[in-house]
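**Q** Supplied structure: coords31.cif, mmCIF, C-alpha atoms.
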```cif
data_target
#
loop_
_atom_site.label_atom_id
_atom_site.label_comp_id
_atom_site.auth_asym_id
_atom_site.auth_seq_id
_atom_site.Cartn_x
_atom_site.Cartn_y
_atom_site.Cartn_z
CA MET A 1 -12.60 50.76 -87.39
CA LYS A 2 -11.41 54.26 -88.21
CA ILE A 3 -8.92 54.22 -91.09
CA ASN A 4 -6.98 57.15 -92.57
CA ILE A 5 -5.40 56.92 -96.00
CA LEU A 6 -2.21 58.59 -97.27
CA ILE A 7 -1.58 58.74 -101.04
CA ASN A 8 1.74 59.78 -102.57
CA GLY A 9 1.36 58.65 -106.20
CA GLY A 10 0.58 61.17 -108.93
CA LEU A 11 -2.64 61.93 -110.77
CA TYR A 12 -2.72 59.84 -113.98
CA SER A 13 0.98 58.87 -113.67
CA SER A 14 0.54 56.23 -110.95
CA GLN A 15 -1.85 53.42 -110.08
CA SER A 16 -1.50 54.21 -106.39
CA ALA A 17 -4.46 56.57 -106.03
CA TYR A 18 -6.75 54.28 -108.06
CA SER A 19 -5.76 51.44 -105.78
CA ALA A 20 -6.49 53.64 -102.75
CA TRP A 21 -9.89 54.53 -104.20
CA GLN A 22 -10.80 50.85 -104.60
CA PHE A 23 -9.52 50.17 -101.07
CA ALA A 24 -11.64 53.01 -99.68
CA HIS A 25 -14.80 51.61 -101.29
CA ALA A 26 -14.07 48.11 -99.97
CA ALA A 27 -13.39 49.45 -96.47
CA ILE A 28 -16.64 51.46 -96.43
CA SER A 29 -18.58 48.42 -97.73
CA ALA A 30 -17.15 46.38 -94.86
CA GLY A 31 -18.49 48.93 -92.37
CA HIS A 32 -15.27 50.82 -91.63
CA GLU A 33 -14.95 54.59 -91.56
CA ILE A 34 -12.43 56.45 -93.72
CA THR A 35 -11.66 59.43 -91.50
CA GLN A 36 -9.43 61.23 -94.01
CA VAL A 37 -7.71 60.78 -97.36
CA PHE A 38 -4.51 62.86 -97.45
CA PHE A 39 -2.85 63.61 -100.79
CA HIS A 40 0.88 64.28 -100.40
CA GLN A 41 3.75 64.62 -102.91
CA ASP A 42 2.61 64.09 -106.53
CA ALA A 43 -0.83 62.99 -105.32
CA ALA A 44 -1.62 66.65 -104.52
CA GLY A 45 -2.46 67.05 -108.23
CA HIS A 46 -5.73 65.24 -107.51
CA GLY A 47 -7.25 68.52 -106.30
CA ASN A 48 -6.98 70.14 -109.74
CA ARG A 49 -10.52 70.63 -111.00
CA LEU A 50 -9.18 71.44 -114.48
CA ALA A 51 -7.71 67.94 -114.90
CA THR A 52 -9.55 66.58 -117.93
CA VAL A 53 -9.55 63.04 -119.26
CA MET A 54 -11.05 61.35 -122.33
CA SER A 55 -14.61 60.13 -121.83
CA ASP A 56 -13.54 56.46 -121.65
CA GLU A 57 -10.83 57.09 -119.06
CA PHE A 58 -11.05 56.96 -115.28
CA ASP A 59 -11.81 60.47 -114.03
CA ALA A 60 -9.90 60.25 -110.76
CA VAL A 61 -10.69 63.77 -109.53
CA GLU A 62 -14.42 63.29 -110.13
CA MET A 63 -14.46 59.77 -108.66
CA TRP A 64 -12.74 60.89 -105.46
CA SER A 65 -15.19 63.77 -105.26
CA ARG A 66 -18.17 61.41 -105.56
CA LEU A 67 -16.79 59.11 -102.89
CA SER A 68 -16.25 62.08 -100.62
CA VAL A 69 -19.77 63.44 -101.10
CA LYS A 70 -21.52 60.08 -100.81
CA HIS A 71 -19.68 58.83 -97.73
CA ALA A 72 -18.62 62.12 -96.07
CA VAL A 73 -14.91 61.35 -96.46
CA PRO A 74 -12.68 64.43 -96.06
CA LEU A 75 -10.20 64.83 -98.94
CA VAL A 76 -7.17 66.88 -97.92
CA LEU A 77 -4.31 68.12 -100.11
CA CYS A 78 -0.94 68.92 -98.55
CA VAL A 79 -0.72 72.71 -98.91
CA SER A 80 2.97 72.91 -99.85
CA ALA A 81 2.84 69.88 -102.16
CA ALA A 82 -0.21 71.38 -103.90
CA GLU A 83 1.29 74.85 -104.29
CA ARG A 84 4.52 73.43 -105.72
CA ARG A 85 2.42 71.64 -108.32
CA GLY A 86 0.18 74.60 -109.12
CA VAL A 87 -3.00 73.51 -107.36
CA MET A 88 -4.49 76.52 -105.58
CA SER A 89 -7.68 77.79 -104.03
CA GLN A 90 -8.88 81.31 -104.71
CA GLU A 91 -7.41 82.46 -101.38
CA GLN A 92 -4.02 80.87 -102.06
CA ALA A 93 -3.86 82.35 -105.57
CA ALA A 94 -4.61 85.79 -104.13
CA GLU A 95 -1.95 85.31 -101.46
CA TRP A 96 0.68 84.39 -104.04
CA GLY A 97 -0.48 86.98 -106.57
CA ARG A 98 -1.41 84.32 -109.12
CA GLU A 99 -4.10 84.66 -111.74
CA GLY A 100 -6.82 82.06 -111.59
CA ASP A 101 -7.40 79.15 -109.26
CA ASN A 102 -8.12 75.48 -109.83
CA LEU A 103 -8.93 73.78 -106.52
CA HIS A 104 -11.85 71.33 -106.77
CA SER A 105 -14.59 72.13 -104.27
CA SER A 106 -14.51 68.60 -102.78
CA PHE A 107 -10.90 69.02 -101.63
CA ALA A 108 -9.52 70.99 -98.71
CA VAL A 109 -5.96 72.29 -98.48
CA GLN A 110 -4.21 71.81 -95.15
CA GLY A 111 -0.75 71.37 -93.68
CA LEU A 112 0.92 68.04 -92.94
CA GLY A 113 -0.18 68.51 -89.33
CA ALA A 114 -3.68 67.49 -90.47
CA LEU A 115 -2.25 64.17 -91.66
CA LEU A 116 -0.54 63.51 -88.35
CA GLU A 117 -3.65 64.46 -86.37
CA ALA A 118 -5.74 62.04 -88.42
CA THR A 119 -3.05 59.36 -88.13
CA LEU A 120 -2.85 59.58 -84.36
CA ALA A 121 -6.67 59.56 -84.04
CA ALA A 122 -7.35 56.61 -86.38
CA ASP A 123 -7.18 52.89 -85.59
CA ARG A 124 -5.31 52.14 -88.82
CA MET A 125 -3.35 54.08 -91.40
CA VAL A 126 -2.86 52.85 -94.95
CA THR A 127 -0.32 54.37 -97.32
CA PHE A 128 -0.39 54.09 -101.11
CA ALA A 129 3.11 55.13 -102.14
CA MET B 130 2.01 43.81 -82.66
CA SER B 131 2.22 42.73 -86.26
CA CYS B 132 2.71 44.46 -89.54
CA LEU B 133 1.34 44.28 -93.08
CA HIS B 134 4.08 44.99 -95.63
CA THR B 135 2.69 46.07 -99.00
CA LEU B 136 5.13 45.76 -101.90
CA SER B 137 4.37 47.54 -105.17
CA ARG B 138 7.57 47.49 -107.23
CA SER B 139 8.59 44.90 -109.80
CA TRP B 140 10.96 42.24 -108.54
CA HIS B 141 12.47 42.03 -111.98
CA GLU B 142 13.77 45.59 -111.77
CA SER B 143 15.40 45.33 -108.42
CA ILE B 144 16.36 42.72 -105.89
CA TRP B 145 15.72 45.03 -102.96
CA LEU B 146 12.33 43.51 -102.26
CA TYR B 147 13.99 40.28 -101.26
CA GLU B 148 15.95 42.34 -98.75
CA GLN B 149 12.69 43.65 -97.31
CA LEU B 150 11.76 40.23 -96.03
CA ALA B 151 14.68 40.49 -93.65
CA PHE B 152 12.80 43.37 -92.02
CA ALA B 153 9.66 41.27 -91.37
CA SER B 154 8.86 39.55 -88.07
CA PRO B 155 6.95 36.33 -87.35
CA GLY B 156 3.21 37.02 -87.60
CA ASP B 157 3.67 39.72 -90.24
CA ALA B 158 2.09 39.51 -93.68
CA VAL B 159 3.32 40.57 -97.10
CA LEU B 160 0.85 41.74 -99.77
CA LEU B 161 2.06 41.98 -103.36
CA THR B 162 0.33 44.80 -105.27
CA ARG B 163 0.79 46.64 -108.58
CA ASP B 164 4.06 45.65 -110.32
CA ALA B 165 5.11 43.41 -107.42
CA VAL B 166 2.50 40.88 -108.63
CA LEU B 167 4.51 40.28 -111.81
CA ALA B 168 6.78 37.93 -109.86
CA THR B 169 4.04 35.36 -109.35
CA GLU B 170 4.18 34.01 -112.89
CA SER B 171 7.90 33.33 -112.84
CA PRO B 172 8.86 29.78 -111.83
CA ILE B 173 11.91 30.98 -109.91
CA THR B 174 11.46 34.58 -108.79
CA LEU B 175 9.27 34.01 -105.74
CA ALA B 176 10.15 30.44 -104.83
CA SER B 177 13.00 31.11 -102.41
CA PHE B 178 11.25 34.19 -101.01
CA LEU B 179 8.13 32.15 -100.21
CA ALA B 180 10.20 29.40 -98.62
CA LYS B 181 11.93 31.99 -96.43
CA CYS B 182 8.58 33.54 -95.52
CA GLU B 183 7.17 30.18 -94.49
CA ALA B 184 10.23 29.45 -92.36
CA GLN B 185 9.94 32.88 -90.77
CA GLY B 186 6.20 32.68 -90.04
CA VAL B 187 5.34 35.41 -92.54
CA SER B 188 2.28 34.87 -94.75
CA VAL B 189 2.20 36.12 -98.33
CA TYR B 190 -0.79 37.45 -100.28
CA VAL B 191 -1.24 38.87 -103.76
CA LEU B 192 -3.91 41.35 -104.88
CA ALA B 193 -6.14 39.48 -107.35
CA GLU B 194 -7.25 42.62 -109.23
CA ASP B 195 -3.66 43.53 -110.01
CA LEU B 196 -2.94 39.99 -111.28
CA LYS B 197 -5.99 40.11 -113.52
CA LEU B 198 -5.19 43.57 -114.90
CA ARG B 199 -1.75 42.41 -115.98
CA GLY B 200 -2.86 39.03 -117.31
CA VAL B 201 -0.59 37.27 -114.84
CA ASP B 202 -1.31 33.81 -113.42
CA ASN B 203 -0.26 33.13 -109.87
CA LYS B 204 1.75 29.89 -109.99
CA TYR B 205 2.36 29.72 -106.25
CA GLN B 206 -0.13 27.97 -103.99
CA ASN B 207 1.32 29.48 -100.81
CA CYS B 208 0.85 32.98 -102.22
CA HIS B 209 -2.83 33.60 -101.48
CA ALA B 210 -4.89 35.80 -103.80
CA VAL B 211 -7.15 38.36 -102.10
CA ASP B 212 -9.54 41.01 -103.43
CA TYR B 213 -9.79 44.55 -102.02
CA GLY B 214 -12.08 43.26 -99.28
CA GLY B 215 -9.27 40.88 -98.32
CA PHE B 216 -6.80 43.78 -98.42
CA VAL B 217 -9.05 45.64 -95.95
CA ASP B 218 -9.16 42.55 -93.70
CA LEU B 219 -5.35 42.34 -93.73
CA VAL B 220 -5.13 46.00 -92.70
CA ILE B 221 -7.53 45.36 -89.81
CA GLN B 222 -5.73 42.18 -88.70
CA HIS B 223 -2.37 43.93 -88.36
CA ASP B 224 -1.53 46.91 -86.16
CA LYS B 225 0.13 48.81 -88.94
CA GLN B 226 0.88 48.77 -92.62
CA ILE B 227 4.14 49.80 -94.27
CA ALA B 228 4.13 50.70 -97.97
CA TRP B 229 7.50 49.76 -99.46
CA MET C 230 -2.04 60.70 -74.73
CA SER C 231 0.40 57.82 -74.47
CA ASP C 232 3.47 57.93 -76.66
CA GLN C 233 2.83 56.74 -80.20
CA PRO C 234 6.30 56.45 -81.74
CA LEU C 235 6.62 57.49 -85.36
CA LEU C 236 9.27 56.27 -87.78
CA TYR C 237 10.15 58.00 -91.04
CA VAL C 238 11.93 55.79 -93.57
CA PHE C 239 14.06 57.26 -96.34
CA GLN C 240 14.81 54.78 -99.11
CA SER C 241 15.59 56.94 -102.17
CA ALA C 242 18.76 58.81 -103.05
CA PRO C 243 18.56 62.64 -103.06
CA TYR C 244 17.98 65.05 -106.00
CA SER C 245 16.49 62.70 -108.61
CA ASN C 246 13.08 62.95 -106.93
CA ALA C 247 11.30 64.92 -104.19
CA HIS C 248 11.02 62.11 -101.61
CA GLY C 249 13.84 63.64 -99.52
CA PRO C 250 12.55 67.21 -99.13
CA GLU C 251 8.88 66.21 -98.92
CA GLY C 252 9.69 63.51 -96.38
CA LEU C 253 11.59 66.12 -94.38
CA ASP C 254 8.49 68.35 -94.47
CA ALA C 255 6.59 65.56 -92.75
CA VAL C 256 9.33 65.07 -90.14
CA LEU C 257 9.46 68.81 -89.37
CA ILE C 258 5.69 68.93 -88.80
CA GLY C 259 5.89 65.81 -86.65
CA SER C 260 8.12 67.60 -84.18
CA ALA C 261 5.09 69.63 -83.05
CA PHE C 262 3.18 66.52 -81.96
CA GLU C 263 5.25 65.46 -78.95
CA GLN C 264 5.54 61.86 -80.07
CA SER C 265 8.93 60.19 -80.20
CA MET C 266 10.30 60.34 -83.72
CA SER C 267 13.07 58.42 -85.39
CA LEU C 268 14.49 58.27 -88.89
CA LEU C 269 15.61 55.12 -90.67
CA PHE C 270 17.73 55.04 -93.81
CA LEU C 271 17.53 51.99 -96.08
CA HIS C 272 18.78 51.15 -99.56
CA ASP C 273 19.85 54.26 -101.56
CA GLY C 274 18.28 56.38 -98.82
CA VAL C 275 21.68 56.33 -97.05
CA PHE C 276 22.91 58.77 -99.73
CA GLN C 277 20.55 61.38 -98.23
CA LEU C 278 23.03 61.65 -95.35
CA ARG C 279 26.22 61.63 -97.43
CA ALA C 280 28.51 64.45 -96.31
CA GLY C 281 30.03 66.73 -98.95
CA GLN C 282 26.94 67.23 -101.12
CA ASP C 283 27.97 70.29 -103.14
CA ILE C 284 25.19 72.42 -104.58
CA SER C 285 27.31 75.57 -104.93
CA ALA C 286 27.13 75.40 -108.74
CA SER C 287 23.46 74.43 -108.76
CA ASP C 288 20.16 76.27 -108.39
CA LEU C 289 18.70 73.40 -106.40
CA LYS C 290 17.99 73.83 -102.73
CA ARG C 291 20.08 71.62 -100.52
CA HIS C 292 17.55 69.98 -98.25
CA SER C 293 20.15 67.70 -96.72
CA LYS C 294 21.39 70.27 -94.21
CA THR C 295 17.93 70.06 -92.66
CA PHE C 296 18.79 66.55 -91.46
CA ARG C 297 21.46 68.06 -89.21
CA ALA C 298 18.95 70.47 -87.70
CA LEU C 299 16.54 67.69 -86.80
CA GLN C 300 18.41 66.63 -83.69
CA ASP C 301 17.47 69.96 -82.12
CA LEU C 302 13.83 69.40 -83.04
CA GLY C 303 13.32 66.23 -81.06
CA VAL C 304 14.33 63.55 -83.54
CA GLU C 305 15.86 61.03 -81.21
CA HIS C 306 17.48 58.53 -83.49
CA PHE C 307 19.07 58.32 -86.92
CA TYR C 308 19.14 54.64 -87.74
CA VAL C 309 21.00 53.25 -90.74
CA HIS C 310 20.81 49.70 -92.09
CA ASP C 311 24.41 48.48 -91.85
CA GLN C 312 24.26 46.38 -95.03
CA ALA C 313 22.89 49.31 -97.05
CA LEU C 314 25.94 51.35 -96.05
CA LEU C 315 28.38 48.49 -96.62
CA ALA C 316 26.95 47.60 -100.04
CA ARG C 317 27.48 51.20 -101.17
CA GLY C 318 31.06 51.42 -99.96
CA LEU C 319 30.20 53.99 -97.30
CA THR C 320 31.27 54.30 -93.68
CA PRO C 321 29.45 56.15 -90.85
CA GLU C 322 32.26 58.73 -90.90
CA GLN C 323 31.16 59.79 -94.39
CA LEU C 324 27.70 60.76 -93.14
CA MET C 325 26.76 64.25 -91.94
CA VAL C 326 25.13 63.16 -88.68
CA ASP C 327 25.92 60.59 -86.00
CA VAL C 328 23.97 57.44 -86.79
CA GLU C 329 23.16 54.16 -85.09
CA LEU C 330 23.86 51.13 -87.28
CA LEU C 331 21.26 48.36 -87.27
CA ASP C 332 21.43 44.90 -88.79
CA ALA C 333 18.34 43.52 -90.54
CA ALA C 334 17.03 41.80 -87.40
CA ALA C 335 17.33 45.05 -85.46
CA VAL C 336 15.48 46.89 -88.25
CA ALA C 337 12.67 44.29 -88.00
CA THR C 338 12.48 44.85 -84.23
CA LEU C 339 12.49 48.64 -84.71
CA LEU C 340 9.56 48.39 -87.16
CA GLN C 341 7.60 46.30 -84.64
CA GLN C 342 8.05 48.97 -81.95
CA GLN C 343 6.52 51.78 -83.99
CA HIS C 344 2.98 53.08 -83.90
CA ARG C 345 3.19 54.30 -87.51
CA VAL C 346 5.84 54.04 -90.22
CA MET C 347 5.95 56.48 -93.14
CA THR C 348 8.12 55.69 -96.15
CA PHE C 349 9.64 58.23 -98.52
#
```
Represent the structure contained in this file as C-alpha cells.

**A**
Amino acid sequence: MKINILINGGLYSSQSAYSAWQFAHAAISAGHEITQVFFHQDAAGHGNRLATVMSDEFDAVEMWSRLSVKHAVPLVLCVSAAERRGVMSQEQAAEWGREGDNLHSSFAVQGLGALLEATLAADRMVTFA
Amino acid sequence: MSCLHTLSRSWHESIWLYEQLAFASPGDAVLLTRDAVLATESPITLASFLAKCEAQGVSVYVLAEDLKLRGVDNKYQNCHAVDYGGFVDLVIQHDKQIAW
Amino acid sequence: MSDQPLLYVFQSAPYSNAHGPEGLDAVLIGSAFEQSMSLLFLHDGVFQLRAGQDISASDLKRHSKTFRALQDLGVEHFYVHDQALLARGLTPEQLMVDVELLDAAAVATLLQQQHRVMTF
C-alpha cells in the first residue's frame, strides 16, 4: 500500500520523528511504499544540515537522509514552518535577504498543499504528533 | 470503516486519554506509544479502560519497543504488545489513523 | 475525484504553543482542494474559539480571528464536544463563531465518517 507520513514533533526534543523513522523502515520491509514524509511544525527543524550531535547519539537528519536515498522516499519540509524556525535553502535565504543557508540536500521545501496532495493520493496516512 | 487511535501522552499527567475512548467505535483499535505505555505497569490505571474497550469492541495494543525503552512491564494480558511491523499491520487493517 | 472529507481537530489552548496558528495554516491550504472540511474542538482546544481574546497590549499575532474567516473559505462545520465546553464553564454564546455541539457518541460517529483526521 501507499503510505504518507506526517511528523509534527521537533528535532531532538521529541521521540515522534524517531518513531516515524522506525515505522517507515518497518513499512518498507513489509513491502509498502512511503510516498512522502512531511515535516510540519517543530519537525521542520529536521531539514537543518548544520544540526550536529555527539558521535554516540542518533543523527536524525542523517538517518532520514539515508532512508530517503536508499528507498527513494521524498522528504518535504513545510515552507512556512521551516522559515519560522530558520531552516532555509539558498533561494529562500536570498529571497529573505538572509546570510547563509542550511537546508540539507535530501530535503525539499514545499507548501502544505504538498501534504494534502500526498494524503489524498495515498492509501493510508500516519501522523506522528 | 475503522480507525486506529494512537495515544502518546502519559496517563499519569492527564485523564483526557480516558475521555478519548468515548470517541472510539466498535472495530477500532487503540495503540499505546511513547509515554502512553507507562500506564501498563500500574495495577489500576488501565484496568477500567481495558474493560470499557472490551465491552465496546475496541482492541488495545502497546508498542513493545517503547515498553522496553522505558523498562516497563505490561501487566495486562488484554493489552497486546506489537513491534513496529505490528504497528504497520494495524495501520493497514484500519482505514485511518488518528494521532492523539 | 469523489469527496474525501477532511477533519481538523484542535485540542490545545491558544498562545502557549503554535498548534493553533499552524493548524490554521493547514486548514487554509485545504480550502483549495475542494474536499469537504470540518473543524472539531476537543479538550482545551475549545479555548481557541473563546470570544474576547485581547492582544491589544501584546506583540503576538491574534490567529483566532482567522477562525471567523474560515466559513467563507468552505469550512462547513465547527463542531465542539459538549462536555469539553461544559467542563470549562463555557457556553456556545461565549465563542466567536456559531458551533454545533456534539456529545461523545456523535464525535465517534463524526470520526468514522472522515477520510482523514489531522490533530493539532

**Q** Which residues, written as an mmCIF file with C-alpha atoms, keeping the file's coordinate frame, have at least one atom at most 12 Å from Thr174 of chain B, with all atoms listed in the file counted and residues fewer than 3 positions away on the same chain left out?

**A**
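Result file result_12.cif:
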```cif
data_model
loop_
_atom_site.group_PDB
_atom_site.id
_atom_site.type_symbol
_atom_site.label_atom_id
_atom_site.label_comp_id
_atom_site.auth_asym_id
_atom_site.auth_seq_id
_atom_site.Cartn_x
_atom_site.Cartn_y
_atom_site.Cartn_z
ATOM 1 C CA SER B 139 8.590 44.900 -109.800
ATOM 2 C CA TRP B 140 10.960 42.240 -108.540
ATOM 3 C CA HIS B 141 12.470 42.030 -111.980
ATOM 4 C CA GLU B 142 13.770 45.590 -111.770
ATOM 5 C CA SER B 143 15.400 45.330 -108.420
ATOM 6 C CA ILE B 144 16.360 42.720 -105.890
ATOM 7 C CA LEU B 146 12.330 43.510 -102.260
ATOM 8 C CA TYR B 147 13.990 40.280 -101.260
ATOM 9 C CA ALA B 165 5.110 43.410 -107.420
ATOM 10 C CA VAL B 166 2.500 40.880 -108.630
ATOM 11 C CA LEU B 167 4.510 40.280 -111.810
ATOM 12 C CA ALA B 168 6.780 37.930 -109.860
ATOM 13 C CA THR B 169 4.040 35.360 -109.350
ATOM 14 C CA GLU B 170 4.180 34.010 -112.890
ATOM 15 C CA SER B 171 7.900 33.330 -112.840
ATOM 16 C CA SER B 177 13.000 31.110 -102.410
ATOM 17 C CA PHE B 178 11.250 34.190 -101.010
ATOM 18 C CA LEU B 179 8.130 32.150 -100.210
ATOM 19 C CA ALA B 180 10.200 29.400 -98.620
ATOM 20 C CA ASN B 203 -0.260 33.130 -109.870
ATOM 21 C CA LYS B 204 1.750 29.890 -109.990
ATOM 22 C CA TYR B 205 2.360 29.720 -106.250
#
```

**Q** Please list as a ChimeraX atom specification every residue within 10 Å of segment 74-76 of chain A, counting only C-alpha atoms and excluding residues in the same chain fewer than 4 positions away.

**A** /A:4-6,34-40,44,46-47,64-65,67-69,106-112,114-115

**Q** If the PyMOL selection byres ((chain C and resi 261-269) around 6) were run on this exact file, what residues would it hold? Put them as a PyMOL selection string.

**A** chain C and resi 232-238+258-260+270+304-309

**Q** Given the PyMOL selection byres ((chain A) within 8 of (chain C)) and the file above, list the residues it selects as a short mmCIF file (atom, residue, chain, number, x, y, z; two decimals) with C-alpha atoms, keeping the file's coordinate frame.

**A**
```cif
data_model
loop_
_atom_site.label_atom_id
_atom_site.label_comp_id
_atom_site.auth_asym_id
_atom_site.auth_seq_id
_atom_site.Cartn_x
_atom_site.Cartn_y
_atom_site.Cartn_z
CA GLN A 41 3.75 64.62 -102.91
CA ALA A 81 2.84 69.88 -102.16
CA LEU A 112 0.92 68.04 -92.94
CA GLY A 113 -0.18 68.51 -89.33
CA LEU A 116 -0.54 63.51 -88.35
CA LEU A 120 -2.85 59.58 -84.36
CA MET A 125 -3.35 54.08 -91.40
CA THR A 127 -0.32 54.37 -97.32
CA ALA A 129 3.11 55.13 -102.14
#
```

**Q** Pull out every residue that the PyMOL selection byres ((chain B) within 8 of (chain A)) matches in the shown coordinates and put them as a ChimeraX atom specification.

**A** /B:163,213-214,216-217,220-221,224-229

**Q** With all atoms listed in the file considered, list every residue of chain B at most 6 Å from chain C, as a ChimeraX atom specification.

**A** /B:151-153

**Q** As AutoDock Vina command-line options, what would the box around segment 92-110 of chain A look like: edges along x, y and z, 5 Å added on every side, centre and edge lengths in Å to one decimal?

**A**
```
--center_x -7.0 --center_y 77.8 --center_z -103.4 --size_x 25.3 --size_y 28.4 --size_z 26.6
```

**Q** Give me, please, the distance in Å between atom CA of His223 of chain B and atom CA of Leu160 of chain B, quoted to one decimal.

**A** 12.1 Å

**Q** Atom CA of Tyr12 of chain A to atom CA of Phe58 of chain A: how many Å, to one decimal?

**A**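 According to the coordinates, atom CA of Tyr12 of chain A and atom CA of Phe58 of chain A are separated by 8.9 Å.
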
**Q** One decimal, in Å: what's the spacing between atom CA of Leu278 of chain C and atom CA of Ser293 of chain C?

**A**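 Here the two named atoms are 6.8 Å from each other.
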
**Q** From the set B:Ala176, B:Met130, B:Cys208, B:Leu161, which residue has the shortest atom-to-atom contact distance to Leu192 of chain B, counting only C-alpha atoms?

**A**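 Smallest distance to Leu192 of chain B is found for B:Leu161.
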
**Q** Counting all atoms listed in the file, which residues sit no farther than 6 Å from the position (0.4, 41.0, -95.7) in the file's frame? I'd like them as a list of chain:residue names.

**A** B:Leu133, B:His134, B:Ala158, B:Val159, B:Leu160, B:Val189, B:Tyr190

**Q** Quick one: residues within 12 Å of Arg98 of chain A, all atoms listed in the file, excluding same-chain residues fewer than 4 positions away - as number ranges by chain?

**A** A: 83, 86-94, 102

**Q** Let's have the selection written as a compact mmCIF listing (two decimals), in the frame of the given file, with C-alpha atoms.

**A**
```txt
# COMPACT_ATOMS: atom_id res chain seq x y z
CA GLU A 83 1.29 74.85 -104.29
CA GLY A 86 0.18 74.60 -109.12
CA VAL A 87 -3.00 73.51 -107.36
CA MET A 88 -4.49 76.52 -105.58
CA SER A 89 -7.68 77.79 -104.03
CA GLN A 90 -8.88 81.31 -104.71
CA GLU A 91 -7.41 82.46 -101.38
CA GLN A 92 -4.02 80.87 -102.06
CA ALA A 93 -3.86 82.35 -105.57
CA ALA A 94 -4.61 85.79 -104.13
CA ASN A 102 -8.12 75.48 -109.83
```
